[in-house]
Structure formats: structure tokens, C-alpha cells
file start-v1.tsv (TSV, C-alpha atoms and all ligand atoms)
chain	number	residue	atom	x	y	z
A	1	MET	CA	95.46	20.15	-40.12
A	2	ALA	CA	94.09	17.20	-42.02
A	3	LYS	CA	94.24	13.90	-40.19
A	4	SER	CA	96.88	11.46	-41.27
A	5	GLY	CA	95.71	8.29	-42.96
A	6	PHE	CA	96.53	6.36	-39.82
A	7	GLU	CA	94.43	8.57	-37.51
A	8	ARG	CA	91.56	8.50	-39.92
A	9	GLU	CA	91.64	4.71	-39.99
A	10	GLU	CA	91.63	4.59	-36.18
A	11	ARG	CA	88.45	6.66	-36.18
A	12	ILE	CA	86.83	4.60	-38.92
A	13	GLN	CA	87.46	1.36	-37.03
A	14	PHE	CA	86.60	2.89	-33.65
A	15	ASP	CA	85.04	0.37	-31.24
A	16	LEU	CA	83.64	0.76	-27.74
A	17	PRO	CA	84.40	-2.07	-25.34
A	18	GLU	CA	83.32	-0.03	-22.29
A	19	ALA	CA	80.26	1.69	-23.71
A	20	GLU	CA	76.68	1.42	-22.46
A	21	PHE	CA	74.01	-0.76	-24.08
A	22	SER	CA	72.37	1.90	-26.26
A	23	THR	CA	75.73	3.00	-27.63
A	24	LEU	CA	76.87	-0.54	-28.34
A	25	ALA	CA	73.57	-1.21	-30.10
A	26	VAL	CA	74.18	1.48	-32.70
A	27	ARG	CA	77.98	1.59	-32.89
A	28	SER	CA	79.64	-1.70	-32.01
A	29	GLY	CA	80.63	-4.42	-34.41
A	30	GLN	CA	80.78	-2.38	-37.59
A	31	ASN	CA	83.98	-2.73	-39.60
A	32	ARG	CA	83.94	0.21	-41.98
A	33	THR	CA	85.52	-0.30	-45.35
A	34	MET	CA	87.85	2.32	-46.76
A	35	GLU	CA	84.85	3.75	-48.64
A	36	GLY	CA	83.92	5.31	-45.29
A	37	GLU	CA	80.24	4.30	-45.48
A	38	HIS	CA	78.24	5.55	-42.49
A	39	SER	CA	75.67	2.73	-42.36
A	40	ASP	CA	76.78	-0.88	-42.27
A	41	ALA	CA	77.91	-2.28	-45.59
A	42	ILE	CA	76.37	-5.45	-46.93
A	43	PHE	CA	78.55	-8.07	-48.60
A	44	PRO	CA	76.34	-10.35	-50.69
A	45	THR	CA	79.16	-12.45	-52.06
A	46	SER	CA	79.62	-16.19	-51.87
A	47	SER	CA	83.42	-16.16	-52.01
A	48	PHE	CA	86.44	-13.86	-51.72
A	49	VAL	CA	89.50	-13.39	-53.93
A	50	TYR	CA	93.22	-13.26	-53.13
A	51	SER	CA	96.10	-11.31	-54.56
A	52	SER	CA	98.17	-14.45	-55.11
A	53	ALA	CA	98.22	-18.21	-54.87
A	54	ARG	CA	100.43	-17.80	-51.78
A	55	GLU	CA	97.81	-15.64	-50.05
A	56	ALA	CA	95.05	-18.12	-50.93
A	57	ALA	CA	97.10	-20.95	-49.44
A	58	ALA	CA	97.77	-18.95	-46.25
A	59	ARG	CA	94.06	-18.19	-45.79
A	60	PHE	CA	92.98	-21.77	-46.37
A	61	GLY	CA	95.76	-23.04	-44.14
A	62	GLY	CA	94.62	-20.77	-41.33
A	63	GLU	CA	98.00	-19.00	-41.15
A	64	GLU	CA	96.41	-15.74	-42.21
A	65	GLU	CA	93.09	-14.36	-41.00
A	66	GLY	CA	90.55	-13.25	-43.56
A	67	ASN	CA	87.53	-14.08	-45.61
A	68	ILE	CA	87.30	-17.33	-47.57
A	69	TYR	CA	83.73	-18.38	-48.28
A	70	SER	CA	80.47	-16.99	-46.93
A	71	ARG	CA	79.31	-20.25	-45.37
A	72	PHE	CA	81.78	-19.50	-42.58
A	73	THR	CA	83.36	-16.08	-43.15
A	74	ASN	CA	81.25	-13.12	-44.23
A	75	PRO	CA	81.90	-9.53	-43.04
A	76	THR	CA	78.20	-8.62	-42.72
A	77	VAL	CA	77.43	-11.73	-40.70
A	78	ALA	CA	80.53	-11.14	-38.56
A	79	ALA	CA	79.49	-7.54	-37.87
A	80	PHE	CA	76.09	-8.70	-36.64
A	81	GLU	CA	77.67	-11.42	-34.49
A	82	ARG	CA	80.02	-8.89	-32.87
A	83	ARG	CA	77.24	-6.42	-32.14
A	84	LEU	CA	74.88	-8.94	-30.56
A	85	ALA	CA	77.78	-10.43	-28.56
A	86	ALA	CA	78.53	-6.94	-27.21
A	87	LEU	CA	74.88	-6.55	-26.18
A	88	GLU	CA	74.68	-9.95	-24.46
A	89	GLY	CA	78.08	-9.53	-22.80
A	90	ALA	CA	79.30	-12.65	-24.63
A	91	GLU	CA	82.81	-13.29	-25.87
A	92	ARG	CA	81.50	-14.44	-29.21
A	93	GLY	CA	78.35	-15.09	-31.23
A	94	VAL	CA	77.75	-17.47	-34.13
A	95	ALA	CA	74.88	-16.61	-36.48
A	96	THR	CA	72.73	-19.41	-37.91
A	97	SER	CA	70.04	-19.80	-40.56
A	98	SER	CA	67.18	-19.88	-38.00
A	99	GLY	CA	66.48	-20.07	-34.30
A	100	MET	CA	65.93	-23.82	-34.64
A	101	SER	CA	69.29	-24.36	-36.34
A	102	ALA	CA	70.91	-22.41	-33.49
A	103	ILE	CA	69.44	-24.94	-31.04
A	104	LEU	CA	70.31	-27.87	-33.33
A	105	SER	CA	73.91	-26.68	-33.49
A	106	VAL	CA	74.13	-26.61	-29.67
A	107	GLY	CA	72.80	-30.17	-29.47
A	108	LEU	CA	75.01	-31.63	-32.19
A	109	SER	CA	78.25	-29.85	-31.41
A	110	LEU	CA	78.30	-30.03	-27.60
A	111	LEU	CA	76.59	-33.38	-26.93
A	112	GLN	CA	77.27	-36.92	-27.98
A	113	GLN	CA	75.64	-40.31	-27.88
A	114	GLY	CA	74.52	-41.26	-24.36
A	115	ASP	CA	74.21	-37.67	-23.10
A	116	HIS	CA	71.12	-36.35	-21.36
A	117	ILE	CA	69.30	-32.98	-21.43
A	118	VAL	CA	67.09	-31.53	-18.70
A	119	CYS	CA	64.65	-29.18	-20.41
A	120	SER	CA	61.84	-26.93	-19.25
A	121	ARG	CA	58.53	-28.32	-20.44
A	122	SER	CA	57.49	-24.78	-21.38
A	123	VAL	CA	59.71	-24.24	-24.40
A	124	PHE	CA	59.01	-23.48	-28.05
A	125	GLY	CA	57.17	-26.53	-29.45
A	126	SER	CA	59.67	-27.33	-32.20
A	127	VAL	CA	62.40	-27.61	-29.58
A	128	ILE	CA	60.56	-30.58	-28.08
A	129	SER	CA	60.22	-32.16	-31.54
A	130	LEU	CA	63.91	-31.54	-32.23
A	131	PHE	CA	65.00	-33.20	-29.00
A	132	ASP	CA	62.52	-36.11	-29.05
A	133	LYS	CA	62.46	-36.96	-32.76
A	134	TYR	CA	65.95	-36.08	-33.96
A	135	LEU	CA	68.52	-35.71	-31.16
A	136	SER	CA	67.08	-38.94	-29.77
A	137	ARG	CA	68.32	-40.72	-32.94
A	138	ALA	CA	71.84	-39.73	-31.94
A	139	GLY	CA	71.24	-41.39	-28.55
A	140	ILE	CA	70.66	-38.11	-26.72
A	141	THR	CA	67.72	-38.25	-24.30
A	142	THR	CA	65.68	-35.47	-22.69
A	143	THR	CA	63.67	-35.13	-19.49
A	144	TYR	CA	61.11	-32.31	-19.29
A	145	VAL	CA	60.45	-30.51	-16.03
A	146	ASP	CA	58.17	-27.88	-14.52
A	147	PRO	CA	60.40	-24.83	-15.06
A	148	LYS	CA	59.23	-23.14	-11.85
A	149	SER	CA	60.26	-25.99	-9.54
A	150	LEU	CA	63.94	-26.04	-8.59
A	151	ASP	CA	63.36	-29.49	-7.08
A	152	ALA	CA	62.10	-30.74	-10.45
A	153	TRP	CA	65.32	-29.56	-12.13
A	154	ARG	CA	67.39	-31.26	-9.41
A	155	GLU	CA	65.44	-34.50	-9.48
A	156	ALA	CA	65.71	-34.85	-13.27
A	157	ILE	CA	69.51	-35.00	-13.15
A	158	GLN	CA	71.08	-38.28	-14.30
A	159	PRO	CA	74.74	-39.34	-14.20
A	160	ASN	CA	74.91	-38.47	-17.95
A	161	THR	CA	73.23	-35.04	-17.76
A	162	LYS	CA	75.27	-32.55	-19.78
A	163	LEU	CA	72.86	-29.75	-20.67
A	164	PHE	CA	70.01	-27.75	-19.14
A	165	PHE	CA	67.71	-25.85	-21.50
A	166	LEU	CA	65.13	-23.17	-20.68
A	167	GLU	CA	63.18	-20.23	-22.00
A	168	SER	CA	62.07	-17.38	-19.69
A	169	PRO	CA	59.45	-15.98	-19.69
A	170	SER	CA	57.78	-18.97	-21.27
A	171	ASN	CA	55.35	-18.94	-24.17
A	172	PRO	CA	52.39	-18.49	-23.81
A	173	LEU	CA	51.94	-18.53	-20.01
A	174	ALA	CA	54.82	-16.26	-18.93
A	175	GLU	CA	56.30	-18.72	-16.42
A	176	ILE	CA	59.61	-17.42	-15.07
A	177	CYS	CA	62.69	-19.59	-14.54
A	178	ASP	CA	65.10	-18.60	-11.77
A	179	ILE	CA	68.10	-18.47	-14.11
A	180	GLN	CA	70.72	-17.96	-11.39
A	181	ALA	CA	69.43	-20.84	-9.27
A	182	ILE	CA	69.08	-23.21	-12.25
A	183	ALA	CA	72.60	-22.27	-13.42
A	184	ASP	CA	73.90	-23.23	-9.96
A	185	ILE	CA	72.11	-26.59	-10.13
A	186	ALA	CA	73.53	-27.27	-13.63
A	187	HIS	CA	77.05	-26.29	-12.62
A	188	GLY	CA	76.84	-28.54	-9.58
A	189	VAL	CA	76.94	-31.50	-11.97
A	190	ASP	CA	79.21	-29.85	-14.58
A	191	ALA	CA	76.34	-29.38	-17.00
A	192	LEU	CA	75.89	-26.30	-19.20
A	193	LEU	CA	72.86	-24.02	-18.95
A	194	VAL	CA	71.43	-22.85	-22.29
A	195	VAL	CA	68.89	-20.01	-22.22
A	196	ASP	CA	66.63	-19.13	-25.16
A	197	ASN	CA	66.53	-15.33	-24.77
A	198	CYS	CA	64.11	-14.73	-27.62
A	199	PHE	CA	61.26	-13.19	-25.63
A	200	LEU	CA	63.19	-10.47	-23.78
A	201	THR	CA	66.40	-9.99	-25.80
A	202	PRO	CA	69.51	-8.53	-24.14
A	203	ALA	CA	67.71	-5.18	-23.89
A	204	LEU	CA	65.63	-6.63	-21.02
A	205	GLN	CA	67.53	-9.72	-19.78
A	206	GLN	CA	71.17	-10.80	-19.96
A	207	PRO	CA	71.31	-14.49	-19.03
A	208	LEU	CA	75.11	-14.79	-19.11
A	209	LYS	CA	75.27	-12.29	-16.24
A	210	LEU	CA	72.86	-14.55	-14.32
A	211	GLY	CA	75.12	-17.56	-14.74
A	212	ALA	CA	73.99	-19.11	-18.03
A	213	ASP	CA	76.71	-20.56	-20.27
A	214	ILE	CA	75.05	-20.24	-23.67
A	215	ILE	CA	72.34	-18.04	-25.14
A	216	VAL	CA	70.32	-18.97	-28.20
A	217	HIS	CA	68.16	-16.55	-30.15
A	218	SER	CA	65.53	-16.72	-32.79
A	219	ALA	CA	66.59	-13.46	-34.47
A	220	THR	CA	63.35	-13.85	-36.45
A	221	LYS	CA	61.44	-12.29	-33.57
A	222	TYR	CA	62.46	-9.10	-31.73
A	223	LEU	CA	66.04	-8.80	-33.05
A	224	ASP	CA	64.58	-8.08	-36.46
A	225	GLY	CA	61.41	-6.74	-34.90
A	226	GLN	CA	59.65	-6.12	-38.16
A	227	GLY	CA	58.89	-9.64	-39.33
A	228	ARG	CA	61.19	-9.74	-42.39
A	229	CYS	CA	63.80	-12.49	-42.00
A	230	ILE	CA	64.46	-15.88	-40.44
A	231	GLY	CA	67.68	-16.24	-38.46
A	232	GLY	CA	69.26	-17.39	-35.23
A	233	VAL	CA	72.35	-16.89	-33.07
A	234	VAL	CA	74.29	-18.84	-30.44
A	235	LEU	CA	76.43	-16.86	-27.96
A	236	GLY	CA	78.89	-17.68	-25.20
A	237	SER	CA	82.59	-18.13	-24.46
A	238	HIS	CA	85.24	-18.38	-27.18
A	239	GLN	CA	85.79	-22.00	-26.25
A	240	LEU	CA	82.16	-23.09	-26.54
A	241	MET	CA	81.55	-21.00	-29.65
A	242	GLU	CA	84.51	-22.58	-31.43
A	243	ALA	CA	82.57	-25.87	-31.30
A	244	ILE	CA	79.37	-24.21	-32.56
A	245	TYR	CA	81.26	-22.41	-35.32
A	246	GLY	CA	82.86	-25.68	-36.42
A	247	PHE	CA	79.44	-27.30	-36.69
A	248	ILE	CA	77.85	-24.41	-38.65
A	249	ARG	CA	80.87	-24.20	-40.95
A	250	THR	CA	80.58	-27.89	-41.76
A	251	GLY	CA	76.84	-28.42	-41.40
A	252	GLY	CA	76.10	-25.31	-43.43
A	253	ALA	CA	73.20	-23.82	-41.43
A	254	CYS	CA	74.69	-20.35	-41.85
A	255	MET	CA	73.02	-16.92	-41.96
A	256	SER	CA	72.77	-15.05	-45.24
A	257	PRO	CA	74.52	-11.64	-45.43
A	258	PHE	CA	71.27	-9.93	-46.33
A	259	ASN	CA	69.50	-11.31	-43.26
A	260	ALA	CA	72.49	-10.40	-41.06
A	261	TRP	CA	72.28	-6.83	-42.33
A	262	VAL	CA	68.55	-6.63	-41.53
A	263	PHE	CA	69.17	-7.97	-38.01
A	264	GLN	CA	72.14	-5.59	-37.57
A	265	LYS	CA	69.85	-2.64	-38.31
A	266	GLY	CA	67.21	-4.15	-36.02
A	267	LEU	CA	69.64	-4.08	-33.09
A	268	GLU	CA	69.98	-0.30	-33.46
A	269	THR	CA	66.39	0.22	-32.35
A	270	LEU	CA	66.11	-2.87	-30.12
A	271	LYS	CA	66.05	-1.11	-26.76
A	272	LEU	CA	63.56	1.54	-27.87
A	273	ARG	CA	61.27	-1.12	-29.28
A	274	MET	CA	61.53	-3.47	-26.30
A	275	ASP	CA	60.79	-0.64	-23.88
A	276	ALA	CA	57.78	0.43	-25.97
A	277	HIS	CA	56.50	-3.16	-26.40
A	278	SER	CA	56.83	-3.68	-22.63
A	279	ARG	CA	55.01	-0.46	-21.72
A	280	ALA	CA	52.17	-1.26	-24.12
A	281	ALA	CA	51.86	-4.90	-23.00
A	282	LEU	CA	51.68	-3.88	-19.34
A	283	GLU	CA	48.90	-1.38	-20.10
A	284	ILE	CA	46.97	-3.97	-22.09
A	285	ALA	CA	47.47	-6.66	-19.42
A	286	ARG	CA	46.05	-4.34	-16.73
A	287	TRP	CA	43.18	-3.32	-18.97
A	288	LEU	CA	42.26	-6.93	-19.79
A	289	GLN	CA	42.50	-7.89	-16.13
A	290	ALA	CA	39.74	-5.42	-15.27
A	291	ARG	CA	37.34	-6.83	-17.89
A	292	PRO	CA	34.52	-9.16	-16.80
A	293	GLU	CA	34.80	-11.22	-20.04
A	294	VAL	CA	38.38	-12.19	-19.09
A	295	GLU	CA	39.18	-14.92	-16.59
A	296	ASN	CA	42.97	-14.86	-16.20
A	297	VAL	CA	45.79	-12.72	-17.57
A	298	PHE	CA	49.31	-14.16	-17.77
A	299	TYR	CA	52.01	-11.47	-17.80
A	300	SER	CA	55.01	-11.29	-15.48
A	301	GLY	CA	54.67	-7.52	-15.19
A	302	LEU	CA	51.44	-7.82	-13.21
A	303	GLU	CA	51.88	-7.64	-9.44
A	304	GLU	CA	49.45	-10.58	-9.17
A	305	HIS	CA	51.74	-12.80	-11.26
A	306	PRO	CA	53.03	-15.44	-8.80
A	307	GLN	CA	56.64	-14.86	-9.92
A	308	HIS	CA	56.48	-11.10	-10.36
A	309	LEU	CA	59.29	-10.45	-7.87
A	310	LEU	CA	61.62	-12.95	-9.51
A	311	ALA	CA	60.83	-11.43	-12.92
A	312	LYS	CA	61.59	-7.98	-11.53
A	313	LYS	CA	64.88	-9.21	-10.12
A	314	GLN	CA	66.25	-10.76	-13.31
A	315	GLN	CA	64.55	-8.67	-16.02
A	316	LYS	CA	64.66	-4.95	-16.82
A	317	ALA	CA	61.04	-5.08	-18.02
A	318	PHE	CA	58.49	-7.74	-18.94
A	319	GLY	CA	58.38	-7.86	-22.73
A	320	GLY	CA	55.63	-7.59	-25.31
A	321	VAL	CA	53.91	-10.98	-25.09
A	322	LEU	CA	50.96	-11.77	-22.83
A	323	SER	CA	48.14	-14.27	-22.81
A	324	PHE	CA	44.69	-14.40	-21.27
A	325	GLU	CA	41.74	-16.75	-20.87
A	326	VAL	CA	38.30	-15.59	-21.91
A	327	LYS	CA	35.19	-16.80	-20.08
A	328	GLY	CA	34.01	-19.72	-22.18
A	329	ASP	CA	35.45	-22.42	-24.40
A	330	LYS	CA	37.41	-22.74	-27.62
A	331	GLU	CA	34.50	-21.28	-29.58
A	332	ALA	CA	34.52	-18.14	-27.43
A	333	ALA	CA	38.27	-17.75	-27.96
A	334	TRP	CA	37.88	-18.22	-31.72
A	335	ARG	CA	35.00	-15.70	-31.82
A	336	PHE	CA	37.21	-13.21	-29.99
A	337	ILE	CA	40.04	-13.66	-32.49
A	338	ASP	CA	37.78	-13.52	-35.54
A	339	SER	CA	36.05	-10.36	-34.32
A	340	THR	CA	39.22	-8.29	-34.11
A	341	ARG	CA	39.87	-6.26	-37.26
A	342	MET	CA	43.37	-4.83	-36.98
A	343	MET	CA	45.54	-7.39	-35.22
A	344	SER	CA	47.18	-10.01	-37.44
A	345	ILE	CA	46.05	-13.59	-36.89
A	346	THR	CA	49.44	-15.32	-37.03
A	347	GLY	CA	51.64	-17.58	-34.96
A	348	ASN	CA	54.58	-15.18	-35.20
A	349	LEU	CA	55.47	-12.68	-32.50
A	350	GLY	CA	57.93	-9.91	-31.78
A	351	ASP	CA	56.74	-7.70	-34.61
A	352	VAL	CA	55.86	-4.00	-34.63
A	353	LYS	CA	52.42	-5.21	-35.70
A	354	SER	CA	50.26	-6.72	-32.94
A	355	THR	CA	49.56	-10.40	-33.48
A	356	ILE	CA	46.89	-12.66	-31.99
A	357	THR	CA	46.97	-16.46	-31.74
A	358	HIS	CA	44.95	-19.35	-30.33
A	359	PRO	CA	47.84	-21.48	-28.94
A	360	ALA	CA	45.83	-24.69	-28.30
A	361	THR	CA	45.03	-25.10	-32.02
A	362	THR	CA	48.16	-23.53	-33.58
A	363	THR	CA	51.54	-23.23	-31.82
A	364	HIS	CA	50.65	-25.94	-29.28
A	365	GLY	CA	48.27	-27.90	-31.53
A	366	ARG	CA	50.61	-30.85	-31.98
A	367	MET	CA	50.78	-31.59	-28.25
A	368	THR	CA	48.45	-34.25	-26.88
A	369	PRO	CA	45.42	-32.84	-25.01
A	370	GLU	CA	46.89	-34.26	-21.77
A	371	ALA	CA	50.27	-32.58	-22.30
A	372	ARG	CA	48.50	-29.35	-23.15
A	373	ALA	CA	46.40	-29.55	-20.01
A	374	GLU	CA	49.50	-30.24	-17.91
A	375	ALA	CA	51.24	-27.24	-19.48
A	376	GLY	CA	48.16	-25.10	-18.72
A	377	VAL	CA	47.44	-24.24	-22.36
A	378	ASN	CA	43.64	-24.29	-22.15
A	379	ASP	CA	41.16	-24.00	-25.01
A	380	ASN	CA	40.02	-20.54	-23.89
A	381	LEU	CA	43.57	-19.13	-23.95
A	382	ILE	CA	44.56	-16.35	-26.37
A	383	ARG	CA	48.08	-15.03	-26.89
A	384	LEU	CA	48.86	-11.45	-27.86
A	385	SER	CA	52.16	-10.06	-29.05
A	386	VAL	CA	51.55	-6.38	-28.41
A	387	GLY	CA	52.90	-4.26	-31.24
A	388	LEU	CA	53.66	-0.58	-31.59
A	389	GLU	CA	50.32	0.65	-32.92
A	390	ASP	CA	48.56	3.34	-30.90
A	391	LEU	CA	47.31	1.89	-27.62
A	392	ASP	CA	43.81	3.29	-28.19
A	393	ASP	CA	43.57	1.41	-31.48
A	394	ILE	CA	44.77	-1.83	-29.88
A	395	ARG	CA	42.18	-1.44	-27.11
A	396	ARG	CA	39.46	-0.65	-29.65
A	397	ASP	CA	40.33	-3.84	-31.53
A	398	LEU	CA	40.33	-5.93	-28.34
A	399	GLU	CA	36.99	-4.39	-27.45
A	400	LEU	CA	35.54	-5.95	-30.63
A	401	GLY	CA	36.84	-9.32	-29.48
A	402	LEU	CA	35.44	-8.94	-25.98
A	403	ALA	CA	32.01	-8.06	-27.33
A	404	ALA	CA	31.94	-11.37	-29.24
A	405	VAL	CA	32.88	-13.62	-26.29
B	501	LIG	C1	60.42	-18.79	-32.93
B	501	LIG	C2	61.17	-19.34	-31.79
B	501	LIG	C3	62.19	-20.26	-31.97
B	501	LIG	C4	62.55	-20.81	-33.34
B	501	LIG	O1	63.11	-19.83	-34.15
B	501	LIG	P1	63.00	-19.85	-35.76
B	501	LIG	O2	63.76	-18.62	-36.14
B	501	LIG	O3	61.56	-19.82	-36.12
B	501	LIG	O4	63.67	-21.10	-36.22
B	501	LIG	C5	62.89	-20.70	-30.86
B	501	LIG	N1	62.58	-20.26	-29.63
B	501	LIG	C6	61.59	-19.38	-29.40
B	501	LIG	C7	61.29	-18.95	-28.03
B	501	LIG	C8	60.84	-18.90	-30.47
B	501	LIG	O5	59.84	-18.04	-30.25
call {"tool": "encode", "arguments": {"input": "start-v1.tsv", "output": "C-alpha cells"}}
result
Amino acid sequence: MAKSGFEREERIQFDLPEAEFSTLAVRSGQNRTMEGEHSDAIFPTSSFVYSSAREAAARFGGEEEGNIYSRFTNPTVAAFERRLAALEGAERGVATSSGMSAILSVGLSLLQQGDHIVCSRSVFGSVISLFDKYLSRAGITTTYVDPKSLDAWREAIQPNTKLFFLESPSNPLAEICDIQAIADIAHGVDALLVVDNCFLTPALQQPLKLGADIIVHSATKYLDGQGRCIGGVVLGSHQLMEAIYGFIRTGGACMSPFNAWVFQKGLETLKLRMDAHSRAALEIARWLQARPEVENVFYSGLEEHPQHLLAKKQQKAFGGVLSFEVKGDKEAAWRFIDSTRMMSITGNLGDVKSTITHPATTTHGRMTPEARAEAGVNDNLIRLSVGLEDLDDIRRDLELGLAAV
């Protein structure tokens, strides 16, 4: 017997609150239209229409749920937000135009003049510029701490501390923050812990389960995974996300439907990719470690990494990014990079293509030499984002670099 219209609709809108990660990654969040499309639909429309003036008034007045204008209601963006929220175990996600606007929205919607942030000193460079150059104008101050020292986090607390911010593992030196312990310290003074989960994604680390209050993402990196779009997301409780949503709706740093669709498709292969990136990076880290031209390898998957056990406890694997110091100076590092043939010389990471960077003169080039030295970003340091090319080809390319050191 043919299914009734009602049963068919139930199946079309089927969702999976109890399902496992891999299932959620390919099936959650989608809101099929009555066309019955199998893949996610994309809604590249700026506005939406109503059947009557009464309906328009009800939507605008908030008495009726539904789409109004794509700066704050778009079905493609909403589908992506629901899927990533399911993967992070968050009540809600709010998509933004970039990773930086995700962090900006946290600062401007949850803090006010006179508030104080305690921030890991090993965070994405633009985050430091954002806090010191721009949030500071709103009277919000920041203290930077050694992310590995719980005492440093405790000692930086002021009576006006409202937010803790960290990234783990850090870029480029793979320092690990004890998320659970830092969450406890933050909550002891009623501050919120924000974790930038860009490097591991929910496939490998779920900060909310470790006590964090808010997750921010640069979707630009592994969520897309193929280097196509810029985007960001903030995730957390309904209550906190209502404030973020209000800011994005008004401030306008929203995600485009096309980008949301790309990220939505990226999530479907996220776990496969993260597992493959992690396996490849671990192999390469071990291989580099055994080479006489290499001085130090920084990767939390190595047993020699001083925080390997902590990484193992809070992560499912160790991700695709590693860094290493070659014997020699900046010139040796540059010769290494210039001698590779396949890997892309670019500051980006989290791509299926392997990328190679000299942090001291690119991503960390705007820091003072003293700050760089304190952060451990030396002139002979090279960062790799290990892609999904054949491992033999990656090793062959690295071999060319090693020969030039
Ligand atoms: C790239 C990056 C950001 C910024 O994201 P954009 O999408 O480039 O704005 C923030 N945090 C981390 C860890 C990043 O790697």
C-alpha cells in the first residue's frame, strides 16, 4: 500500500537525535522540501515571500516562525547550523561570515565595557589583534597566559574576568590545554570558557563535553576541508546563542547560503578526512623525528610530546597539523620550503592538499621577535598541514626539502 502523505512527510523530515557521529554527519539537520531532493537543497535567495499581508506581519512580529531575510533566516544556513550543533553536542549553532567574525561576535555580544578576558598566548594571530586593537576600544582588556600552566590561568583572573579563550592543540607548536581543568577554573569565577575547535573539529574533540561553554570554528579549515570558502560558527546553549544570533542579525556578519551548503557537504566526510589526516600526520611526524636534519618535531600524537597523555585523554586523535625545526637558521628553513615541489606554500591549513609554511615570517610575522621567542616560534620552524596525497609522495617531497637544509 502506498504511504499516506503524512507518513511520507515523517520520513522526509526524519531526524536522529540519538544517532552516532557518522550518522549525524550525513543525515542530521537537513530539512527536505516537498520536492524530495536527496542531497541538501541550496536556497540562494535574499528574501522570502508571504501569502498575505497578515502572514508577513505575523512573521515580522515574531508570532509565526519562518523565513524573513537571509541575513538572519536562511534554510541552507540553518541546516548547516543544525548539523554542526548535532556533531558538537551543542543546543544551537550560529553561522558567521568567517572564523574571525565568529570570535568578534562572542566578544561584542557577551562582554561589555570594563570586562576582562584571559586568553592563551598560543592562539591564532588575528585573535590577538582583534582583542588588543579592537575589543580594547570598547574597554575590554585581555591578559595572555602560557596555556599549559593552570597556575597562569588562575593568576591572570581579575575581579572583572568574564571570559577565558583557548585553542587546543595550538598552532604551530601543538601545545595542549587541559580543557576540563581550565573550564573548572573559569567556572569558579563565573566566567565562560570559549574553545576554538578549528584544529581537531568535533570528529576528534568535543569541548562542550569537557566543560567548555562555547565553541568557535573557522569553517574555512577542516569543516570545508577542500579550501573553497570562508566561514565561521559559534555553538553553545540556546541562551548564549540567542545573544550571538542577535548580534549577527544586527551586525550582519552572516554566512552566505552557498558557503553553508559547501560546509554542509564537508561535514559528511569530516570524520573520514580527520582520521586520514591524523594517520598521515602521525606517520610523517615519526618519519621526520628519525631524520638527522631535523631537530625537534611538535605533534601531540608523538609519545615524546610532553602532553601526549593529556592529548590522548581529551582527543580521539591528533589532527593533521605538525611542525618541526630543521638544523640551521631561517635560511635553512626557507631552502627546505623552496625545495619541495608538490606541497603548496600557503598560510592556510586543513585542506586535502598538503601545505607548508614558515610561521616566523608569515602567520606569526607580525609578532615582535621577543614575543615570538617567548611563544617558541623559532626561525628554523616549519609548519605542515598534512593532506590526503599518497604518503610516499609526501615523503618524497619532504626528502627534497631535507636535502636542501
Ligand atoms: C583560520 C583560523 C581562524 C580564523 O578564521 P577565518 O575563517 O580565517 O576568519 C581562527 N582560529 C583558528 C585556529 C584558525 O586557524
call {"tool": "atom_distance", "arguments": {"input": "start-v1.tsv", "atom1": "CA of Ser218 (chain A)", "atom2": "CA of Arg32 (chain A)"}}
result
26.6 Å
call {"tool": "closest_residue", "arguments": {"input": "start-v1.tsv", "among": "A:Gly350, A:Ile382, A:Glu325, A:Ala404", "to": "Thr362 (chain A)", "atoms": "all atoms listed in the file"}}
result
A:Ile382
call {"tool": "residues_near_ligand", "arguments": {"input": "start-v1.tsv", "ligand": "ligand LIG 501 (chain B)", "cutoff": "10 Å", "atoms": "only C-alpha atoms and all ligand atoms", "output": "PyMOL selection string"}}
result
chain A and resi 96-104+122-127+166-172+195-200+216-222+229-233+347-350+363
call {"tool": "closest_residue", "arguments": {"input": "start-v1.tsv", "among": "A:Glu331, A:Tyr69, A:Val26, A:Arg59", "to": "His38 (chain A)", "atoms": "only C-alpha atoms"}}
result
A:Val26
call {"tool": "closest_residue", "arguments": {"input": "start-v1.tsv", "among": "A:Arg121, A:Arg228, A:Arg137, A:Lys312", "to": "Phe164 (chain A)", "atoms": "all atoms listed in the file"}}
result
A:Arg121
call {"tool": "decode", "arguments": {"input": "start-v1.tsv", "residues": "region 193-197 of chain A", "atoms": "all heavy atoms", "output": "short mmCIF file (atom, residue, chain, number, x, y, z; two decimals), in the first residue's frame"}}
result
data_model
loop_
_atom_site.label_atom_id
_atom_site.label_comp_id
_atom_site.auth_asym_id
_atom_site.auth_seq_id
_atom_site.Cartn_x
_atom_site.Cartn_y
_atom_site.Cartn_z
N LEU A 193 34.06 29.67 29.35
CA LEU A 193 35.22 29.18 28.60
C LEU A 193 34.83 29.01 27.13
O LEU A 193 33.89 28.28 26.80
CB LEU A 193 35.72 27.84 29.15
CG LEU A 193 36.82 27.19 28.28
CD1 LEU A 193 38.06 28.06 28.18
CD2 LEU A 193 37.18 25.80 28.81
N VAL A 194 35.58 29.71 26.26
CA VAL A 194 35.39 29.60 24.81
C VAL A 194 36.56 28.80 24.23
O VAL A 194 37.72 29.10 24.52
CB VAL A 194 35.39 31.01 24.15
CG1 VAL A 194 35.16 30.89 22.65
CG2 VAL A 194 34.35 31.90 24.80
N VAL A 195 36.26 27.77 23.45
CA VAL A 195 37.30 26.96 22.83
C VAL A 195 37.20 27.08 21.31
O VAL A 195 36.14 26.86 20.73
CB VAL A 195 37.20 25.48 23.26
CG1 VAL A 195 38.20 24.62 22.49
CG2 VAL A 195 37.43 25.33 24.75
N ASP A 196 38.31 27.44 20.68
CA ASP A 196 38.42 27.43 19.22
C ASP A 196 38.76 25.99 18.83
O ASP A 196 39.86 25.52 19.09
CB ASP A 196 39.52 28.41 18.81
CG ASP A 196 39.65 28.55 17.30
OD1 ASP A 196 39.31 27.60 16.58
OD2 ASP A 196 40.13 29.62 16.85
N ASN A 197 37.80 25.30 18.21
CA ASN A 197 37.96 23.86 17.93
C ASN A 197 38.34 23.59 16.48
O ASN A 197 38.08 22.52 15.95
CB ASN A 197 36.65 23.12 18.27
CG ASN A 197 36.86 21.66 18.59
OD1 ASN A 197 37.95 21.26 19.01
ND2 ASN A 197 35.84 20.85 18.38
#
